[in-house]
>>> print(open('query_16.csv').read())   # CSV, C-alpha atoms
chain,number,residue,atom,x,y,z
A,1,MET,CA,-32.4,-20.5,-28.9
A,2,ALA,CA,-30.9,-18.8,-25.9
A,3,ARG,CA,-32.7,-15.8,-24.6
A,4,VAL,CA,-30.9,-12.5,-25.3
A,5,ARG,CA,-30.4,-10.5,-22.1
A,6,ARG,CA,-30.0,-6.7,-22.3
A,7,CYS,CA,-28.6,-4.2,-19.9
A,8,LYS,CA,-31.5,-2.5,-18.0
A,9,LYS,CA,-30.0,0.9,-18.4
A,10,CYS,CA,-28.3,1.1,-21.9
A,11,SER,CA,-29.9,-1.9,-23.5
A,12,ARG,CA,-26.7,-3.4,-24.8
A,13,ILE,CA,-26.6,-7.1,-25.3
A,14,LEU,CA,-25.2,-9.0,-22.3
A,15,PRO,CA,-23.1,-12.1,-22.9
A,16,GLU,CA,-24.2,-15.6,-21.8
A,17,GLY,CA,-23.4,-16.4,-18.3
A,18,TYR,CA,-23.2,-12.8,-17.2
A,19,LYS,CA,-24.8,-12.6,-13.8
A,20,HIS,CA,-25.6,-8.9,-13.4
A,21,LYS,CA,-28.6,-7.0,-14.7
A,22,ARG,CA,-26.6,-4.0,-15.9
A,23,CYS,CA,-23.4,-3.8,-17.9
A,24,THR,CA,-20.0,-3.0,-16.3
A,25,ASN,CA,-20.1,0.6,-17.7
A,26,CYS,CA,-23.5,1.3,-16.1
A,27,ARG,CA,-22.5,-0.3,-12.8
A,28,LYS,CA,-19.3,1.7,-12.8
A,29,ALA,CA,-21.2,4.9,-13.2
A,30,SER,CA,-23.5,4.0,-10.3
A,31,SER,CA,-20.5,3.1,-8.1
A,32,ASP,CA,-19.1,6.6,-8.8
A,33,THR,CA,-22.4,8.2,-7.6
A,34,VAL,CA,-22.3,6.0,-4.5
A,35,LYS,CA,-18.7,7.0,-3.8
A,36,ALA,CA,-19.5,10.7,-4.2
A,37,VAL,CA,-22.5,10.4,-1.8
A,38,ILE,CA,-20.4,8.4,0.8
A,39,LEU,CA,-17.7,11.1,0.8
A,40,PHE,CA,-20.0,14.1,0.5
A,41,ILE,CA,-22.6,13.5,3.2
A,42,PRO,CA,-20.2,13.2,6.2
A,43,MET,CA,-18.5,16.4,5.2
A,44,VAL,CA,-21.8,18.3,5.1
A,45,CYS,CA,-22.9,16.7,8.5
A,46,ALA,CA,-19.6,17.6,10.1
A,47,THR,CA,-19.9,21.2,9.0
A,48,VAL,CA,-23.5,21.5,10.2
A,49,ILE,CA,-22.6,19.9,13.5
A,50,LYS,CA,-19.7,22.3,13.9
A,51,PHE,CA,-21.9,25.2,13.2
A,52,VAL,CA,-24.8,24.1,15.5
A,53,ILE,CA,-23.0,22.8,18.6
A,54,LYS,CA,-21.9,25.5,20.9
A,55,LYS,CA,-19.1,24.8,23.3
B,56,MET,CA,-74.2,11.2,-32.8
B,57,LYS,CA,-72.8,14.1,-34.8
B,58,LYS,CA,-72.6,16.1,-31.6
B,59,ASP,CA,-70.7,13.4,-29.9
B,60,VAL,CA,-68.2,13.2,-32.8
B,61,ILE,CA,-67.6,16.9,-32.6
B,62,LEU,CA,-67.2,16.8,-28.9
B,63,ARG,CA,-64.7,14.0,-29.3
B,64,ALA,CA,-62.9,15.8,-32.0
B,65,ASN,CA,-62.7,18.9,-29.8
B,66,LYS,CA,-61.5,16.8,-27.0
B,67,VAL,CA,-58.7,15.4,-29.1
B,68,GLU,CA,-57.7,18.8,-30.3
B,69,LYS,CA,-57.8,20.2,-26.8
B,70,ASN,CA,-55.7,17.4,-25.6
B,71,ASN,CA,-53.2,18.0,-28.4
B,72,LYS,CA,-52.9,21.6,-27.4
B,73,ASP,CA,-52.3,20.6,-23.8
B,74,TYR,CA,-49.6,18.2,-24.9
B,75,ILE,CA,-47.9,20.9,-26.9
B,76,ILE,CA,-47.8,23.2,-24.0
B,77,ILE,CA,-46.4,20.5,-21.7
B,78,GLU,CA,-43.7,19.7,-24.2
B,79,GLU,CA,-42.6,23.4,-24.5
B,80,ILE,CA,-42.3,23.7,-20.7
B,81,TYR,CA,-40.3,20.5,-20.5
B,82,SER,CA,-37.8,21.6,-23.2
B,83,GLU,CA,-37.2,24.9,-21.4
B,84,THR,CA,-36.3,23.2,-18.1
B,85,SER,CA,-34.2,20.5,-19.7
B,86,SER,CA,-31.7,23.1,-21.0
B,87,ILE,CA,-31.2,24.4,-17.4
B,88,VAL,CA,-30.9,20.9,-16.1
B,89,LYS,CA,-28.5,20.0,-18.9
B,90,SER,CA,-26.1,22.9,-18.0
B,91,LEU,CA,-26.2,21.9,-14.3
B,92,ILE,CA,-25.3,18.3,-15.2
B,93,ASN,CA,-22.5,19.4,-17.5
B,94,ASN,CA,-21.0,21.6,-14.7
B,95,ALA,CA,-21.7,19.1,-12.0
B,96,ASP,CA,-18.1,18.0,-11.5
B,97,VAL,CA,-16.9,21.6,-11.2
B,98,ILE,CA,-19.7,22.5,-8.8
B,99,LYS,CA,-19.0,19.5,-6.7
B,100,ALA,CA,-15.3,20.2,-6.5
B,101,ASN,CA,-16.0,23.8,-5.5
B,102,ILE,CA,-18.5,22.7,-2.8
B,103,THR,CA,-15.9,20.2,-1.5
B,104,LYS,CA,-13.2,22.8,-1.2
B,105,LEU,CA,-15.6,25.1,0.6
B,106,LEU,CA,-16.6,22.4,3.0
B,107,TYR,CA,-13.0,21.7,3.9
B,108,LYS,CA,-12.4,25.4,4.8
B,109,THR,CA,-15.7,26.1,6.5
B,110,PRO,CA,-15.4,24.5,10.0
B,111,SER,CA,-12.2,26.2,10.8
B,112,PHE,CA,-13.5,29.5,9.4
B,113,ILE,CA,-16.7,29.2,11.5
B,114,LYS,CA,-14.5,28.5,14.6
B,115,LEU,CA,-12.4,31.6,13.8
B,116,VAL,CA,-15.4,33.8,13.5
B,117,LYS,CA,-16.9,32.5,16.7
B,118,SER,CA,-13.7,32.9,18.7
B,119,SER,CA,-13.2,36.4,17.4
B,120,ILE,CA,-16.4,37.5,19.1
B,121,PRO,CA,-15.1,38.8,22.5
B,122,LYS,CA,-16.5,37.3,25.7
B,123,LYS,CA,-17.4,39.7,28.6
B,124,GLU,CA,-15.6,38.9,31.9
B,125,TYR,CA,-15.6,40.9,35.1
B,126,LYS,CA,-12.3,41.5,36.9
B,127,VAL,CA,-12.2,42.1,40.7
B,128,LEU,CA,-10.2,45.2,41.8
B,129,PHE,CA,-8.9,45.1,45.4
B,130,SER,CA,-7.3,48.2,46.9
B,131,SER,CA,-4.0,47.8,48.7
B,132,ILE,CA,-5.6,48.2,52.1
B,133,GLN,CA,-8.2,45.6,51.3
B,134,LYS,CA,-5.4,43.2,50.0
B,135,ALA,CA,-3.4,43.7,53.2
B,136,ARG,CA,-6.4,43.1,55.5
B,137,MET,CA,-7.4,40.0,53.5
B,138,ASN,CA,-3.9,38.6,53.8
B,139,ASN,CA,-4.1,39.2,57.6
B,140,GLY,CA,-7.4,37.4,57.7
B,141,GLY,CA,-9.2,40.5,59.0
B,142,ILE,CA,-11.7,40.5,56.1
B,143,GLN,CA,-12.9,38.0,53.7
B,144,LEU,CA,-15.3,37.6,50.7
B,145,MET,CA,-19.0,37.4,51.6
B,146,GLN,CA,-20.3,33.9,50.8
B,147,LYS,CA,-23.8,32.7,50.2
B,148,LYS,CA,-25.2,29.5,51.8
B,149,ASP,CA,-24.6,27.6,48.6
B,150,GLY,CA,-20.9,28.4,48.6
B,151,SER,CA,-20.8,31.1,45.9
B,152,PHE,CA,-19.2,34.4,46.5
B,153,ILE,CA,-20.8,37.9,46.5
B,154,ALA,CA,-18.9,41.1,45.6
B,155,ASN,CA,-18.8,42.3,49.3
B,156,LEU,CA,-16.0,42.1,51.9
B,157,ILE,CA,-17.1,41.2,55.4
B,158,ASN,CA,-15.3,41.4,58.8
B,159,SER,CA,-14.1,37.8,59.6
B,160,LYS,CA,-15.1,38.2,63.3
B,161,THR,CA,-18.2,40.2,63.3
B,162,LYS,CA,-19.5,39.0,59.9
B,163,LYS,CA,-20.6,42.5,59.1
B,164,ILE,CA,-20.1,44.1,55.6
B,165,PHE,CA,-16.9,46.0,55.5
B,166,SER,CA,-17.0,47.3,52.0
B,167,SER,CA,-18.1,46.4,48.5
B,168,ILE,CA,-15.6,45.3,45.8
B,169,SER,CA,-15.3,47.2,42.5
B,170,LEU,CA,-15.5,45.2,39.3
B,171,LYS,CA,-14.1,46.0,35.9
B,172,GLU,CA,-15.6,44.8,32.7
B,173,VAL,CA,-13.1,43.1,30.4
B,174,ASN,CA,-13.5,41.8,26.8
B,175,LYS,CA,-11.5,38.7,26.1
B,176,THR,CA,-10.9,36.4,23.1
B,177,PRO,CA,-9.1,33.5,24.7
B,178,GLU,CA,-9.3,31.0,21.8
B,179,LEU,CA,-8.7,33.5,19.0
B,180,SER,CA,-5.0,32.7,18.5
B,181,LYS,CA,-5.7,28.9,18.5
B,182,ALA,CA,-8.5,29.3,16.0
B,183,LEU,CA,-6.4,31.5,13.8
B,184,SER,CA,-3.5,29.0,13.7
B,185,ASN,CA,-6.0,26.2,12.9
B,186,TYR,CA,-7.5,28.3,10.1
B,187,MET,CA,-4.0,29.0,8.7
B,188,THR,CA,-3.1,25.3,8.9
B,189,GLN,CA,-6.3,24.4,7.1
B,190,MET,CA,-5.6,27.0,4.3
B,191,GLN,CA,-2.1,25.6,3.8
B,192,MET,CA,-3.4,22.1,3.6
B,193,ALA,CA,-6.0,23.2,1.1
B,194,GLN,CA,-3.3,24.8,-1.0
B,195,ILE,CA,-1.2,21.6,-0.8
B,196,ALA,CA,-4.2,19.6,-1.9
B,197,ASN,CA,-4.8,22.0,-4.8
B,198,ARG,CA,-1.2,21.8,-5.8
B,199,ILE,CA,-1.3,18.0,-5.8
B,200,GLN,CA,-4.4,18.1,-8.0
B,201,GLN,CA,-2.7,20.5,-10.4
B,202,ILE,CA,0.4,18.1,-10.6
B,203,GLN,CA,-1.9,15.2,-11.4
B,204,LEU,CA,-3.5,17.2,-14.2
B,205,ASP,CA,-0.1,18.2,-15.6
B,206,ILE,CA,1.0,14.6,-15.6
B,207,GLU,CA,-2.1,13.6,-17.5
B,208,GLU,CA,-1.4,16.3,-20.0
B,209,VAL,CA,2.1,15.0,-20.6
B,210,ARG,CA,0.8,11.5,-21.0
B,211,GLN,CA,-1.8,12.8,-23.5
B,212,GLY,CA,0.9,14.7,-25.3
B,213,GLN,CA,3.0,11.5,-25.7
B,214,PHE,CA,-0.1,9.7,-27.0
B,215,ASP,CA,-0.8,12.5,-29.5
B,216,ASP,CA,2.8,12.3,-30.7
B,217,ARG,CA,2.4,8.6,-31.5
B,218,PHE,CA,-0.8,9.2,-33.3
B,219,ALA,CA,0.7,12.0,-35.3
B,220,LEU,CA,3.5,9.7,-36.5
B,221,ALA,CA,0.9,7.1,-37.6
B,222,TYR,CA,-1.3,9.5,-39.6
B,223,SER,CA,1.8,11.1,-41.1
B,224,CYS,CA,2.7,7.6,-42.6
B,225,GLU,CA,-0.7,7.6,-44.3
B,226,GLN,CA,-0.1,11.0,-45.8
B,227,LYS,CA,3.4,10.2,-46.8
B,228,TYR,CA,2.2,7.1,-48.7
B,229,ILE,CA,-0.5,9.2,-50.5
B,230,GLN,CA,2.1,11.7,-51.6
B,231,ALA,CA,4.8,9.0,-52.4
B,232,SER,CA,2.3,7.2,-54.7
B,233,VAL,CA,2.3,10.1,-57.1
B,234,ILE,CA,6.1,10.6,-57.3
B,235,LYS,CA,7.1,10.1,-60.9
B,236,ASN,CA,10.8,9.5,-60.4
B,237,THR,CA,11.1,5.8,-59.7
B,238,GLN,CA,14.3,6.0,-57.7
B,239,LEU,CA,12.9,8.7,-55.4
B,240,LYS,CA,9.7,6.8,-55.1
B,241,GLN,CA,11.6,3.7,-53.9
B,242,ILE,CA,13.5,5.7,-51.3
B,243,ALA,CA,10.2,7.3,-50.1
B,244,LEU,CA,8.4,4.0,-49.9
B,245,LEU,CA,11.3,2.5,-47.9
B,246,LYS,CA,11.2,5.4,-45.5
B,247,ILE,CA,7.4,5.0,-45.1
B,248,VAL,CA,7.8,1.3,-44.4
B,249,SER,CA,10.4,2.0,-41.7
B,250,ASP,CA,8.3,4.9,-40.1
B,251,ALA,CA,5.1,2.9,-40.2
B,252,GLU,CA,6.8,0.0,-38.4
B,253,ASP,CA,8.2,2.3,-35.7
B,254,SER,CA,4.9,4.1,-35.2
B,255,ARG,CA,2.9,0.8,-35.2
B,256,ASN,CA,5.2,-0.6,-32.4
B,257,LEU,CA,4.8,2.5,-30.3
B,258,LEU,CA,1.0,2.3,-30.6
B,259,MET,CA,1.1,-1.4,-29.8
B,260,LYS,CA,2.9,-0.8,-26.6
B,261,THR,CA,0.4,1.9,-25.6
B,262,GLN,CA,-2.5,-0.3,-26.5
B,263,THR,CA,-1.0,-3.2,-24.5
B,264,ARG,CA,-0.7,-1.0,-21.4
B,265,ASN,CA,-4.3,0.3,-21.8
B,266,LEU,CA,-5.6,-3.3,-22.3
B,267,GLU,CA,-3.8,-4.4,-19.1
B,268,TYR,CA,-5.5,-1.5,-17.2
B,269,ILE,CA,-8.9,-2.5,-18.5
B,270,ARG,CA,-8.2,-6.2,-17.7
B,271,LYS,CA,-7.5,-5.3,-14.0
B,272,GLN,CA,-10.8,-3.4,-13.5
B,273,PRO,CA,-12.9,-5.0,-10.8
B,274,GLU,CA,-16.1,-6.8,-11.6
B,275,SER,CA,-17.9,-6.6,-8.2
B,276,PHE,CA,-19.9,-3.4,-7.5
B,277,TRP,CA,-18.4,-2.7,-4.0
B,278,LYS,CA,-14.8,-3.2,-5.3
B,279,GLN,CA,-15.7,-0.6,-8.0
B,280,VAL,CA,-16.8,1.8,-5.2
B,281,LEU,CA,-13.6,1.2,-3.3
B,282,SER,CA,-11.5,1.6,-6.4
B,283,LEU,CA,-9.6,4.9,-7.0
B,284,ASP,CA,-10.5,4.9,-10.8
B,285,SER,CA,-13.5,6.8,-11.9
B,286,SER,CA,-15.7,5.8,-14.8
B,287,LYS,CA,-14.5,8.9,-16.6
B,288,LYS,CA,-10.9,7.6,-16.5
B,289,VAL,CA,-11.9,4.1,-17.6
B,290,ASN,CA,-13.9,5.6,-20.5
B,291,LYS,CA,-10.9,7.7,-21.5
B,292,ARG,CA,-8.7,4.6,-21.6
B,293,MET,CA,-11.3,2.7,-23.7
B,294,ASP,CA,-11.4,5.7,-26.2
B,295,GLU,CA,-7.6,5.5,-26.4
B,296,ILE,CA,-7.8,1.7,-27.1
B,297,ARG,CA,-10.3,2.3,-29.9
B,298,GLU,CA,-8.2,5.1,-31.4
B,299,SER,CA,-4.9,3.1,-31.2
B,300,PHE,CA,-6.6,0.0,-32.7
B,301,ASN,CA,-7.8,2.2,-35.6
B,302,ALA,CA,-4.3,3.7,-36.0
B,303,ILE,CA,-2.5,0.3,-35.8
B,304,ASN,CA,-4.9,-1.0,-38.4
B,305,MET,CA,-4.2,1.9,-40.7
B,306,THR,CA,-0.3,1.8,-40.3
B,307,SER,CA,-0.4,-2.0,-41.0
B,308,ILE,CA,-2.3,-1.5,-44.2
B,309,VAL,CA,0.0,1.4,-45.2
B,310,GLU,CA,3.1,-0.8,-44.6
B,311,ALA,CA,1.7,-3.8,-46.5
B,312,VAL,CA,0.6,-1.7,-49.4
B,313,ALA,CA,4.0,0.1,-49.5
B,314,TYR,CA,5.7,-3.3,-49.7
B,315,LYS,CA,3.4,-4.3,-52.4
B,316,GLU,CA,4.2,-1.1,-54.4
B,317,MET,CA,7.9,-2.1,-54.2
B,318,GLY,CA,7.1,-5.6,-55.3
B,319,GLU,CA,7.9,-7.2,-52.0
B,320,PHE,CA,4.9,-9.4,-51.3
B,321,ASP,CA,6.6,-11.7,-48.8
B,322,ALA,CA,7.7,-8.7,-46.7
B,323,ALA,CA,4.1,-7.5,-46.8
B,324,GLN,CA,2.8,-10.8,-45.6
B,325,GLU,CA,5.4,-10.9,-42.9
B,326,SER,CA,4.4,-7.5,-41.6
B,327,LEU,CA,0.7,-8.6,-41.6
B,328,SER,CA,1.7,-11.8,-39.8
B,329,TYR,CA,3.3,-9.7,-37.0
B,330,TYR,CA,0.0,-7.7,-36.8
B,331,ALA,CA,-2.0,-10.9,-36.5
B,332,ASN,CA,0.2,-12.1,-33.7
B,333,HIS,CA,-0.2,-8.9,-31.8
B,334,LEU,CA,-4.0,-9.1,-32.1
B,335,LYS,CA,-4.0,-12.7,-31.0
B,336,SER,CA,-1.8,-12.0,-27.9
B,337,SER,CA,-3.6,-8.8,-26.9
B,338,TYR,CA,-7.2,-9.7,-27.4
B,339,PHE,CA,-7.7,-13.5,-27.7
B,340,MET,CA,-5.3,-15.0,-25.1
B,341,LYS,CA,-7.6,-14.7,-22.2
B,342,LYS,CA,-11.1,-16.2,-22.6
B,343,GLY,CA,-13.9,-13.7,-22.1
B,344,PHE,CA,-11.7,-10.6,-22.6
B,345,ILE,CA,-13.5,-9.5,-25.7
B,346,GLU,CA,-16.9,-9.7,-23.8
B,347,GLN,CA,-15.3,-7.7,-21.0
B,348,LEU,CA,-14.3,-5.0,-23.5
B,349,ASP,CA,-17.9,-4.9,-24.8
B,350,LEU,CA,-19.3,-4.5,-21.4
B,351,ILE,CA,-16.9,-1.8,-20.3
B,352,ASP,CA,-17.0,0.2,-23.5
B,353,PRO,CA,-19.1,3.5,-23.2
B,354,SER,CA,-20.6,2.7,-26.6
B,355,PRO,CA,-23.3,0.0,-26.3
B,356,GLU,CA,-22.9,-1.3,-29.9
B,357,ASN,CA,-20.8,-4.5,-28.9
B,358,TYR,CA,-18.1,-3.5,-31.4
B,359,TRP,CA,-15.4,-5.8,-30.0
B,360,SER,CA,-17.3,-9.1,-30.2
B,361,GLY,CA,-18.7,-8.1,-33.6
B,362,LYS,CA,-15.8,-6.6,-35.6
B,363,LEU,CA,-12.6,-7.8,-34.0
B,364,PRO,CA,-12.9,-11.5,-34.9
B,365,GLU,CA,-13.7,-10.5,-38.5
B,366,ILE,CA,-10.6,-8.3,-38.7
B,367,MET,CA,-8.5,-11.0,-37.1
B,368,ASP,CA,-9.7,-13.6,-39.6
B,369,SER,CA,-9.0,-11.3,-42.6
B,370,VAL,CA,-5.5,-10.4,-41.4
B,371,GLN,CA,-4.7,-14.0,-40.8
B,372,LEU,CA,-6.0,-15.1,-44.2
B,373,ILE,CA,-3.9,-12.5,-46.0
B,374,SER,CA,-0.7,-13.1,-44.0
B,375,HIS,CA,-0.8,-16.9,-44.2
B,376,ASN,CA,-2.2,-17.6,-47.6
B,377,SER,CA,0.3,-16.8,-50.3
B,378,LYS,CA,-2.3,-17.2,-53.0
B,379,VAL,CA,-4.4,-14.4,-51.7
B,380,ARG,CA,-2.6,-11.2,-52.6
B,381,ILE,CA,-3.6,-7.6,-53.2
B,382,GLU,CA,-3.5,-7.3,-57.0
B,383,GLY,CA,-1.7,-4.3,-58.4
B,384,VAL,CA,1.1,-3.1,-60.7
B,385,THR,CA,4.4,-4.9,-60.2
B,386,TYR,CA,6.9,-2.2,-59.5
B,387,GLY,CA,10.4,-2.0,-60.9
B,388,LYS,CA,9.7,-4.0,-64.1
B,389,SER,CA,10.5,-2.2,-67.4
>>> encode(input="query_16.csv", output="structure tokens")
Amino acid sequence: MARVRRCKKCSRILPEGYKHKRCTNCRKASSDTVKAVILFIPMVCATVIKFVIKK
Amino acid sequence: MKKDVILRANKVEKNNKDYIIIEEIYSETSSIVKSLINNADVIKANITKLLYKTPSFIKLVKSSIPKKEYKVLFSSIQKARMNNGGIQLMQKKDGSFIANLINSKTKKIFSSISLKEVNKTPELSKALSNYMTQMQMAQIANRIQQIQLDIEEVRQGQFDDRFALAYSCEQKYIQASVIKNTQLKQIALLKIVSDAEDSRNLLMKTQTRNLEYIRKQPESFWKQVLSLDSSKKVNKRMDEIRESFNAINMTSIVEAVAYKEMGEFDAAQESLSYYANHLKSSYFMKKGFIEQLDLIDPSPENYWSGKLPEIMDSVQLISHNSKVRIEGVTYGKS
């Protein structure tokens, strides 16, 4: 009997042959977080640099 | 021994009390955290807007602070003598000038120079125009966002209209089934069948478009990061697919039962056969698509791989097997 694999985050059953540890829905949510961080951090750094550096 | 038991019992009770206290504290903070999480999108959007405006605003404030400069004032006599070369500015060994005038020949101090303090803001106009440009761009970005929201509302409105048509067919059937006048009942049932078919086709088109959107969603994590679609948008489309699936199911049943009421069993089978073909072409054409729907659905219950094949089999059975019919009163016979 094939071992039933579950998503690490939401515990839904993953189909056979699925190579990831989390389901597409959970991975999509993580990718949104990464996207937000990638866009947010440079903006904050740019503002801080503008404020700190004196011409 | 007894003492030990009592101590242990006390210990357990003490521990229980401790646990209770911890739980209470936890439940208080979680409501604060919950409200933060709920408003996270709004807070993030506001912070982003603020960060867009902040650099130019800071530059404007910095450039509005006047810088002190000293202006040299020469009298007309001094100017004339300097032009003749009779006097010159006193110079240090390192080459910098001092505010004294010296005789060019004797190198003796002729007179001192008067200085005037002046407050200048040389970059103020540039900073101001930059800030105005930034504000205009922020306004344009806001406007574009608002247009996107309006378009989404129009789309949602269209979707709601199609749903309203589907659910009205159900209500019409319930009301038509109690009409006593046989002629009126027949007219009503014919209208219901026609409306149900129109509504069903509209919903099928919407569902096909949403399914195509889901089919195109990237599998790889980094492609998802680069994609413009958020998980919120994908979840919304999945909800629409579920709702439209439910509505199409319902209108198909209403249509088939209305045909049955009129005594037209072949027409009922034909309408269900059309539904079966739609299910086959939408969900079962591409291998692994049902599993993809399960993985992308916000609900973790694996609905698509569980229920959909059952529904497909039932619909196919009823539509192809002439012996399997919904039993009921044959309409029209005296």
>>> interface_residues(input="query_16.csv", of="chain A", to="chain B", cutoff="10 Å", atoms="only C-alpha atoms", output="PyMOL selection string")
chain A and resi 7+10-16+18+20+22-36+38-40+43-44+46-51+54
>>> closest_atom_pairs(input="query_16.csv", of="region 152-233 of chain B", to="region 123-129 of chain B", cutoff="7 Å", atoms="only C-alpha atoms", output="Markdown table")
| residue | atom | partner | partner_atom | distance |
| --- | --- | --- | --- | --- |
| B:Ile168 | CA | B:Phe129 | CA | 6.7 |
| B:Ser169 | CA | B:Leu128 | CA | 5.5 |
| B:Leu170 | CA | B:Val127 | CA | 4.7 |
| B:Lys171 | CA | B:Lys126 | CA | 4.9 |
| B:Glu172 | CA | B:Tyr125 | CA | 4.6 |
| B:Val173 | CA | B:Glu124 | CA | 5.1 |
| B:Asn174 | CA | B:Lys123 | CA | 4.8 |
| B:Lys175 | CA | B:Lys123 | CA | 6.5 |
>>> write_last_selection(input="query_16.csv", atoms="C-alpha atoms", output="short mmCIF file (atom, residue, chain, number, x, y, z; two decimals), keeping the file's coordinate frame")
data_model
loop_
_atom_site.label_atom_id
_atom_site.label_comp_id
_atom_site.auth_asym_id
_atom_site.auth_seq_id
_atom_site.Cartn_x
_atom_site.Cartn_y
_atom_site.Cartn_z
CA ILE B 168 -15.60 45.30 45.80
CA SER B 169 -15.30 47.20 42.50
CA LEU B 170 -15.50 45.20 39.30
CA LYS B 171 -14.10 46.00 35.90
CA GLU B 172 -15.60 44.80 32.70
CA VAL B 173 -13.10 43.10 30.40
CA ASN B 174 -13.50 41.80 26.80
CA LYS B 175 -11.50 38.70 26.10
#
>>> atom_distance(input="query_16.csv", atom1="CA of Ser130 (chain B)", atom2="CA of Ser159 (chain B)")
17.8 Å
>>> atom_distance(input="query_16.csv", atom1="CA of Trp359 (chain B)", atom2="CA of Lys21 (chain A)")
20.2 Å
